[in-house]
>>> print(open('structure01.txt').read())   # compact mmCIF, C-alpha atoms
# COMPACT_ATOMS: atom_id res chain seq x y z
CA MET J 1126 -71.85 -181.74 -125.21
CA PRO J 1127 -71.78 -181.99 -121.40
CA LYS J 1128 -71.00 -185.70 -121.57
CA LYS J 1129 -68.01 -184.99 -123.81
CA LYS J 1130 -66.83 -182.16 -121.55
CA GLY J 1131 -67.13 -184.32 -118.44
CA TRP J 1132 -69.76 -182.14 -116.80
CA TYR J 1133 -72.00 -185.07 -115.85
CA LYS J 1134 -69.05 -186.86 -114.30
CA ASP J 1135 -68.13 -183.72 -112.34
CA ALA J 1136 -71.72 -183.65 -111.03
CA GLY J 1137 -71.48 -187.25 -109.85
CA ILE J 1138 -73.57 -188.66 -112.71
CA ASP J 1139 -72.56 -191.69 -114.77
CA LEU J 1140 -74.74 -190.98 -117.80
CA THR J 1141 -75.64 -193.48 -120.51
CA VAL J 1142 -77.57 -192.17 -123.50
CA LYS J 1143 -79.96 -194.91 -124.66
CA GLU J 1144 -81.33 -194.68 -128.17
CA ARG J 1145 -85.07 -195.12 -128.53
CA GLN J 1146 -85.81 -198.61 -129.81
CA LYS J 1147 -88.74 -199.66 -131.97
CA GLY J 1148 -91.37 -201.54 -129.99
CA ILE J 1149 -90.09 -200.38 -126.59
CA ALA J 1150 -92.02 -197.57 -124.88
CA VAL J 1151 -89.80 -195.02 -123.15
CA VAL J 1152 -92.34 -194.56 -120.35
CA ASP J 1153 -92.26 -198.30 -119.64
CA GLU J 1154 -88.46 -198.25 -119.50
CA VAL J 1155 -88.53 -195.58 -116.80
CA VAL J 1156 -91.45 -197.04 -114.85
CA SER J 1157 -89.71 -200.45 -114.77
CA GLY J 1158 -86.46 -198.88 -113.54
CA LYS J 1159 -84.46 -199.86 -116.64
CA ALA J 1160 -83.89 -196.13 -117.11
CA GLN J 1161 -84.08 -193.36 -114.53
CA ILE J 1162 -85.02 -190.44 -116.78
CA GLY J 1163 -86.72 -190.42 -120.16
CA VAL J 1164 -87.66 -188.00 -122.92
CA VAL J 1165 -91.08 -188.26 -124.59
CA ALA J 1166 -93.86 -186.13 -126.04
CA SER J 1167 -95.99 -184.30 -123.47
CA HIS J 1168 -99.13 -186.19 -124.47
CA ASP J 1169 -97.38 -189.44 -123.55
CA ILE J 1170 -96.93 -188.14 -119.99
CA ILE J 1171 -100.57 -187.07 -119.76
CA LYS J 1172 -101.88 -190.37 -121.14
CA SER J 1173 -99.65 -192.36 -118.82
CA ARG J 1174 -100.85 -190.45 -115.74
CA THR J 1175 -104.49 -190.99 -116.66
CA GLN J 1176 -103.70 -194.70 -116.89
CA GLY J 1177 -102.41 -194.78 -113.32
CA THR J 1178 -98.61 -194.50 -113.55
CA THR J 1179 -96.64 -192.16 -111.29
CA VAL J 1180 -94.48 -190.49 -113.93
CA LYS J 1181 -94.02 -186.74 -113.78
CA ALA J 1182 -92.47 -184.16 -116.08
CA ILE J 1183 -89.45 -182.44 -114.54
CA ALA J 1184 -88.59 -180.10 -117.45
CA VAL J 1185 -89.20 -179.64 -121.16
CA GLN J 1186 -86.71 -179.23 -123.96
CA LEU J 1187 -89.01 -177.46 -126.42
CA GLN J 1188 -91.60 -174.86 -125.52
CA LYS J 1189 -93.39 -175.78 -128.74
CA ALA J 1190 -93.37 -179.23 -130.36
CA PRO J 1191 -91.91 -179.19 -133.90
CA HIS J 1192 -94.83 -180.97 -135.63
CA CYS J 1193 -95.71 -179.40 -138.96
CA LEU J 1194 -97.26 -179.97 -142.37
CA ILE J 1195 -94.96 -179.57 -145.39
CA SER J 1196 -95.80 -178.78 -149.00
CA MET J 1197 -94.10 -177.65 -152.17
CA LYS J 1198 -94.47 -173.88 -152.45
CA ASN J 1199 -96.02 -174.08 -155.92
CA LYS J 1200 -98.96 -176.03 -154.45
CA GLY J 1201 -100.16 -172.85 -152.72
CA ILE J 1202 -100.83 -174.58 -149.38
CA ALA J 1203 -99.30 -172.16 -146.90
CA THR J 1204 -102.17 -172.31 -144.39
CA PRO J 1205 -104.29 -175.26 -143.22
CA ASP J 1206 -107.57 -173.85 -144.58
CA LYS J 1207 -106.19 -174.89 -147.99
CA LEU J 1208 -106.07 -178.58 -147.00
CA LYS J 1209 -109.64 -179.38 -148.03
CA GLY J 1210 -109.65 -181.96 -150.82
CA LYS J 1211 -105.88 -182.46 -150.67
CA LYS J 1212 -103.89 -185.68 -150.33
CA VAL J 1213 -102.11 -185.58 -146.98
CA GLY J 1214 -99.23 -187.95 -146.21
CA ILE J 1215 -99.46 -189.39 -142.70
CA ARG J 1216 -96.62 -191.35 -141.13
CA SER J 1217 -97.86 -192.32 -137.69
CA GLU J 1218 -100.79 -192.38 -135.29
CA ALA J 1219 -99.42 -189.25 -133.62
CA GLY J 1220 -99.24 -187.59 -137.02
CA GLU J 1221 -102.87 -188.40 -137.73
CA PHE J 1222 -103.84 -186.92 -134.36
CA MET J 1223 -101.94 -183.73 -135.18
CA VAL J 1224 -103.66 -183.43 -138.58
CA LYS J 1225 -107.11 -183.87 -136.98
CA ILE J 1226 -106.43 -181.06 -134.49
CA VAL J 1227 -105.16 -178.67 -137.19
CA LEU J 1228 -108.17 -179.42 -139.41
CA ALA J 1229 -110.62 -178.90 -136.53
CA ASN J 1230 -108.97 -175.57 -135.77
CA GLN J 1231 -109.98 -174.48 -139.28
CA GLY J 1232 -113.51 -175.87 -139.08
CA LEU J 1233 -112.59 -178.90 -141.21
CA LYS J 1234 -112.93 -182.63 -140.61
CA PHE J 1235 -110.57 -185.52 -141.28
CA GLU J 1236 -113.03 -186.62 -143.97
CA ASP J 1237 -112.33 -183.35 -145.82
CA ILE J 1238 -108.89 -184.61 -146.84
CA THR J 1239 -107.57 -187.76 -148.49
CA PRO J 1240 -105.16 -189.36 -145.99
CA VAL J 1241 -102.31 -191.34 -147.54
CA ARG J 1242 -100.15 -193.62 -145.40
CA ILE J 1243 -96.48 -192.99 -146.20
CA GLY J 1244 -93.09 -194.01 -144.82
CA TRP J 1245 -90.38 -191.78 -143.39
CA ASP J 1246 -88.75 -190.68 -146.65
CA ASN J 1247 -89.65 -187.52 -148.56
CA GLN J 1248 -90.28 -189.12 -151.95
CA PRO J 1249 -94.11 -189.00 -151.79
CA LEU J 1250 -93.99 -185.21 -151.64
CA ILE J 1251 -91.25 -184.97 -154.26
CA ASP J 1252 -93.07 -187.14 -156.81
CA GLY J 1253 -96.52 -185.68 -156.08
CA THR J 1254 -98.08 -188.77 -154.50
CA VAL J 1255 -99.22 -186.40 -151.76
CA ASP J 1256 -99.86 -182.66 -151.74
CA VAL J 1257 -98.82 -182.24 -148.11
CA MET J 1258 -97.07 -184.46 -145.59
CA GLN J 1259 -96.63 -184.66 -141.85
CA GLY J 1260 -93.15 -183.81 -140.64
CA TYR J 1261 -90.96 -181.93 -138.19
CA MET J 1262 -89.75 -178.37 -138.48
CA ASN J 1263 -86.16 -179.37 -137.75
CA ASP J 1264 -86.02 -182.16 -140.31
CA GLU J 1265 -87.80 -182.45 -143.67
CA PRO J 1266 -88.09 -178.76 -144.64
CA ASN J 1267 -84.33 -178.28 -144.35
CA ALA J 1268 -83.56 -181.60 -146.04
CA LEU J 1269 -85.77 -180.74 -149.00
CA LYS J 1270 -84.33 -177.24 -149.29
CA ARG J 1271 -80.81 -178.69 -149.41
CA LEU J 1272 -81.96 -180.82 -152.35
CA GLY J 1273 -83.10 -177.68 -154.16
CA TYR J 1274 -86.87 -177.88 -153.53
CA ASP J 1275 -88.84 -174.76 -152.65
CA VAL J 1276 -91.05 -175.81 -149.72
CA VAL J 1277 -93.27 -174.22 -147.12
CA TYR J 1278 -94.33 -175.62 -143.78
CA ILE J 1279 -97.25 -175.01 -141.44
CA PRO J 1280 -96.31 -175.17 -137.72
CA ALA J 1281 -99.01 -177.21 -135.98
CA PHE J 1282 -98.70 -175.16 -132.78
CA ASN J 1283 -100.12 -172.13 -134.62
CA TYR J 1284 -103.31 -174.08 -135.35
CA GLY J 1285 -104.45 -175.74 -132.15
CA CYS J 1286 -101.93 -178.59 -131.80
CA ASP J 1287 -100.07 -176.76 -129.08
CA PHE J 1288 -97.98 -178.97 -126.78
CA TYR J 1289 -94.59 -178.95 -125.09
CA GLY J 1290 -92.04 -180.99 -127.02
CA ASP J 1291 -89.40 -183.45 -125.75
CA VAL J 1292 -90.36 -183.67 -122.09
CA TYR J 1293 -87.87 -184.87 -119.46
CA PHE J 1294 -89.61 -187.10 -116.92
CA THR J 1295 -89.03 -189.58 -114.13
CA THR J 1296 -91.09 -191.39 -111.47
CA GLU J 1297 -92.43 -189.99 -108.21
CA LYS J 1298 -90.28 -192.57 -106.42
CA LEU J 1299 -87.09 -191.13 -107.89
CA ILE J 1300 -88.35 -187.60 -107.30
CA ASN J 1301 -88.73 -188.39 -103.60
CA GLU J 1302 -85.51 -190.37 -103.23
CA LYS J 1303 -82.99 -188.68 -105.57
CA PHE J 1304 -83.77 -184.97 -105.56
CA GLY J 1305 -80.13 -183.88 -105.77
CA LEU J 1306 -79.35 -186.29 -108.60
CA ILE J 1307 -82.24 -185.05 -110.76
CA ARG J 1308 -81.48 -181.40 -110.01
CA ASN J 1309 -77.85 -181.93 -111.02
CA PHE J 1310 -78.90 -183.79 -114.17
CA LEU J 1311 -81.09 -180.90 -115.33
CA ASP J 1312 -78.52 -178.27 -114.39
CA VAL J 1313 -75.82 -179.98 -116.45
CA THR J 1314 -78.16 -180.86 -119.30
CA PHE J 1315 -79.35 -177.31 -119.86
CA ARG J 1316 -75.81 -175.98 -119.52
CA GLY J 1317 -75.04 -178.42 -122.31
CA TRP J 1318 -77.88 -177.19 -124.48
CA ASN J 1319 -76.72 -173.59 -124.03
CA GLU J 1320 -73.24 -174.70 -125.08
CA ALA J 1321 -74.67 -176.46 -128.14
CA PHE J 1322 -76.68 -173.39 -129.11
CA LYS J 1323 -73.55 -171.21 -128.81
CA ASN J 1324 -71.43 -173.64 -130.82
CA PRO J 1325 -73.86 -175.47 -133.13
CA GLY J 1326 -71.16 -176.62 -135.52
CA ASP J 1327 -69.19 -178.40 -132.79
CA ALA J 1328 -72.33 -179.95 -131.34
CA ALA J 1329 -73.51 -181.10 -134.77
CA GLN J 1330 -70.19 -182.76 -135.51
CA LEU J 1331 -70.28 -184.56 -132.17
CA VAL J 1332 -73.80 -185.86 -132.80
CA VAL J 1333 -72.83 -187.25 -136.19
CA GLU J 1334 -69.66 -188.86 -134.88
CA LYS J 1335 -71.13 -190.40 -131.74
CA TYR J 1336 -74.84 -190.91 -132.24
CA PHE J 1337 -76.08 -190.38 -135.80
CA PRO J 1338 -73.46 -191.50 -138.36
CA LYS J 1339 -75.94 -191.54 -141.24
CA GLY J 1340 -76.59 -187.81 -140.70
CA THR J 1341 -74.48 -184.83 -141.69
CA ALA J 1342 -73.04 -181.96 -139.68
CA GLU J 1343 -74.92 -179.52 -141.92
CA GLN J 1344 -78.24 -181.25 -141.24
CA GLN J 1345 -77.61 -181.35 -137.49
CA THR J 1346 -76.57 -177.68 -137.45
CA ASP J 1347 -79.83 -176.71 -139.18
CA SER J 1348 -81.74 -178.85 -136.70
CA LEU J 1349 -80.06 -177.17 -133.73
CA LYS J 1350 -81.07 -173.74 -135.01
CA VAL J 1351 -84.70 -174.85 -135.05
CA PHE J 1352 -84.36 -176.41 -131.59
CA LYS J 1353 -82.95 -173.15 -130.24
CA HIS J 1354 -85.94 -171.28 -131.66
CA LEU J 1355 -88.46 -173.76 -130.24
CA SER J 1356 -86.69 -173.89 -126.86
CA THR J 1357 -86.92 -170.15 -126.33
CA LEU J 1358 -90.49 -169.34 -127.35
CA GLY J 1359 -93.32 -168.29 -125.06
CA GLU J 1360 -93.19 -167.97 -121.30
CA GLY J 1361 -90.14 -170.22 -121.00
CA LYS J 1362 -87.87 -168.08 -123.14
CA LYS J 1363 -85.81 -166.85 -120.17
CA TYR J 1364 -85.17 -170.29 -118.68
CA LEU J 1365 -84.54 -173.44 -120.69
CA GLY J 1366 -86.83 -176.24 -119.57
CA TRP J 1367 -89.49 -173.96 -118.07
CA MET J 1368 -93.09 -175.15 -117.64
CA GLU J 1369 -96.43 -173.49 -116.86
CA GLU J 1370 -99.48 -175.09 -115.27
CA VAL J 1371 -101.87 -173.37 -117.68
CA TYR J 1372 -100.02 -174.82 -120.66
CA TRP J 1373 -100.09 -178.36 -119.28
CA GLN J 1374 -103.82 -177.93 -118.63
CA LYS J 1375 -104.27 -176.80 -122.22
CA GLY J 1376 -102.67 -180.04 -123.39
CA ILE J 1377 -104.90 -182.11 -121.11
CA ASP J 1378 -107.98 -180.33 -122.46
CA ILE J 1379 -106.93 -180.99 -126.07
CA LEU J 1380 -106.40 -184.68 -125.42
CA TYR J 1381 -109.75 -184.98 -123.64
CA ASN J 1382 -111.64 -183.06 -126.32
CA PHE J 1383 -110.21 -185.34 -129.02
CA LYS J 1384 -110.98 -188.48 -126.98
CA GLN J 1385 -107.33 -189.41 -126.47
CA ILE J 1386 -107.96 -189.71 -122.73
CA ASP J 1387 -111.19 -190.65 -120.97
CA LYS J 1388 -110.91 -188.20 -118.07
CA LYS J 1389 -109.36 -184.86 -117.24
CA ILE J 1390 -106.77 -184.71 -114.49
CA PRO J 1391 -105.34 -181.66 -112.69
CA ALA J 1392 -102.26 -180.29 -114.42
CA ASN J 1393 -100.23 -180.43 -111.20
CA GLU J 1394 -100.43 -184.23 -111.36
CA VAL J 1395 -98.31 -184.39 -114.51
CA PHE J 1396 -95.41 -182.05 -113.71
CA THR J 1397 -93.32 -180.58 -110.93
CA MET J 1398 -91.39 -177.30 -110.90
CA ASP J 1399 -89.30 -178.25 -107.86
CA PHE J 1400 -86.19 -179.09 -109.88
CA LEU J 1401 -86.27 -176.11 -112.23
CA ASN J 1402 -86.78 -173.79 -109.26
CA ALA J 1403 -83.82 -175.45 -107.57
CA VAL J 1404 -81.65 -175.13 -110.71
CA TYR J 1405 -82.46 -171.50 -111.42
CA PHE J 1406 -83.29 -170.07 -107.98
CA GLY J 1407 -81.75 -172.54 -105.53
CA LYS J 1408 -85.04 -173.40 -103.92
CA LYS J 1409 -88.34 -175.23 -104.19
CA GLN J 1410 -91.54 -173.23 -104.65
>>> encode(input="structure01.txt", output="structure tokens")
Amino acid sequence: MPKKKGWYKDAGIDLTVKERQKGIAVVDEVVSGKAQIGVVASHDIIKSRTQGTTVKAIAVQLQKAPHCLISMKNKGIATPDKLKGKKVGIRSEAGEFMVKIVLANQGLKFEDITPVRIGWDNQPLIDGTVDVMQGYMNDEPNALKRLGYDVVYIPAFNYGCDFYGDVYFTTEKLINEKFGLIRNFLDVTFRGWNEAFKNPGDAAQLVVEKYFPKGTAEQQTDSLKVFKHLSTLGEGKKYLGWMEEVYWQKGIDILYNFKQIDKKIPANEVFTMDFLNAVYFGKKQ
């Protein structure tokens, strides 16, 4: 939205939106200087810092990540304690990690389910190959409902898998050298998100026309409604992009407890509030 309206240009930013490419890590693109700012999951930032990079989160898009487990309503699996003995469709390594956390939250183990590797379509759930599948709150539940299926979903953040979603990050080098540029980028970007939330139909049509031609405006509108909900939950509900040290530390603890990282690091190593304070209050804190 802000790119179309010329807001980035007005702020002195020549913005190129680069689509994520298979086999290319977004963190590596930013660390190498091929991109200046990236968007990844919060656990990618934490892992990267423990491995010695100097990336830092500068804001988050979603106060809660949209990971969820989806099932047909007639299966009676509305809470994760019902997962024992069920066939669970898993699409990725990150999805398996999410399932393990949710199971542990209910006193269950990964061995208590039958994991089934599936692709990115919804057919395994439709034809009963799996009882439940990994997905995203803004995607599969709405797609299945539009096809006439009665589904339920279990938000992972309600059951221990509680992370920020879609984290904006850059390197410490850029933080030190281009403070005004990054501040302006975030200011314009969150103005754009507010505009998209106010006019979801216009934003959805733009996304389909410019970036996602295989999608539909209806699908993107539904997705935006979920993004608005997830962007305004918790402590950050007053200010888009907001972050809290205690929440980052919670994510670090989860990753350490599940052996995703081999050491704990202080939360203040993975994020900075300087830019959000500058955007919203005109100062660093």
>>> closest_residue(input="structure01.txt", among="J:Val1404, J:Met1197, J:Val1313, J:Met1398", to="Pro1127 of chain J", atoms="all atoms listed in the file")
J:Val1313
>>> closest_residue(input="structure01.txt", among="J:Val1156, J:Ile1149, J:Ile1307, J:Val1213", to="Cys1193 of chain J", atoms="all atoms listed in the file")
J:Val1213
>>> closest_residue(input="structure01.txt", among="J:Gln1259, J:Ser1196, J:Thr1296, J:Asn1230", to="Ile1183 of chain J", atoms="only C-alpha atoms")
J:Thr1296
>>> atom_distance(input="structure01.txt", atom1="atom CA of Tyr1278 of chain J", atom2="atom CA of Pro1191 of chain J")
10.8 Å
>>> residues_around(input="structure01.txt", residues="His1354 of chain J", least_positions_apart="3", cutoff="12 Å", atoms="all atoms listed in the file", output="JSON, numbers by chain")
{"J": [1186, 1187, 1188, 1189, 1190, 1191, 1262, 1263, 1322, 1347, 1348, 1349, 1350, 1351, 1357, 1358, 1359, 1361, 1362, 1365]}
>>> closest_residue(input="structure01.txt", among="J:Gln1344, J:Asn1301, J:Ser1217, J:Thr1239", to="Arg1271 of chain J", atoms="only C-alpha atoms")
J:Gln1344
>>> residues_around(input="structure01.txt", residues="Tyr1274 of chain J", least_positions_apart="2", cutoff="12 Å", atoms="only C-alpha atoms", output="list in words")
Ile1195, Ser1196, Met1197, Lys1198, Asn1199, Asn1247, Gln1248, Leu1250, Ile1251, Asp1252, Glu1265, Pro1266, Asn1267, Ala1268, Leu1269, Lys1270, Arg1271, Leu1272, Val1276 and Val1277 of chain J
>>> atom_distance(input="structure01.txt", atom1="atom CA of Ile1162 of chain J", atom2="atom CA of Thr1295 of chain J")
4.9 Å
>>> residues_around(input="structure01.txt", residues="Gly1163 of chain J", least_positions_apart="5", cutoff="10 Å", atoms="only C-alpha atoms", output="number ranges by chain")
J: 1142-1143, 1145, 1151-1156, 1180, 1182, 1291-1296
>>> atom_distance(input="structure01.txt", atom1="atom CA of Lys1172 of chain J", atom2="atom CA of Gly1244 of chain J")
25.5 Å
>>> closest_residue(input="structure01.txt", among="J:Ser1356, J:Ile1215, J:Lys1128, J:Gly1273", to="Asp1246 of chain J", atoms="only C-alpha atoms")
J:Ile1215
>>> residues_near_point(input="structure01.txt", point="(-96.4, -192.5, -116.6)", cutoff="6 Å", atoms="all atoms listed in the file", output="list in words")
Val1152, Ile1170, Ser1173, Arg1174, Thr1178, Thr1179 and Val1180 of chain J
>>> closest_residue(input="structure01.txt", among="J:Lys1375, J:Lys1388, J:Arg1308, J:Lys1130", to="Ala1403 of chain J", atoms="only C-alpha atoms")
J:Arg1308
>>> residues_near_point(input="structure01.txt", point="(-110.1, -170.9, -145.0)", cutoff="12 Å", atoms="all atoms listed in the file", output="JSON, numbers by chain")
{"J": [1202, 1203, 1204, 1205, 1206, 1207, 1208, 1209, 1228, 1229, 1230, 1231, 1232, 1233]}
>>> residues_around(input="structure01.txt", residues="Tyr1133 of chain J", least_positions_apart="3", cutoff="12 Å", atoms="all atoms listed in the file", output="ChimeraX atom specification")
/J:1126-1130,1136-1142,1306-1317
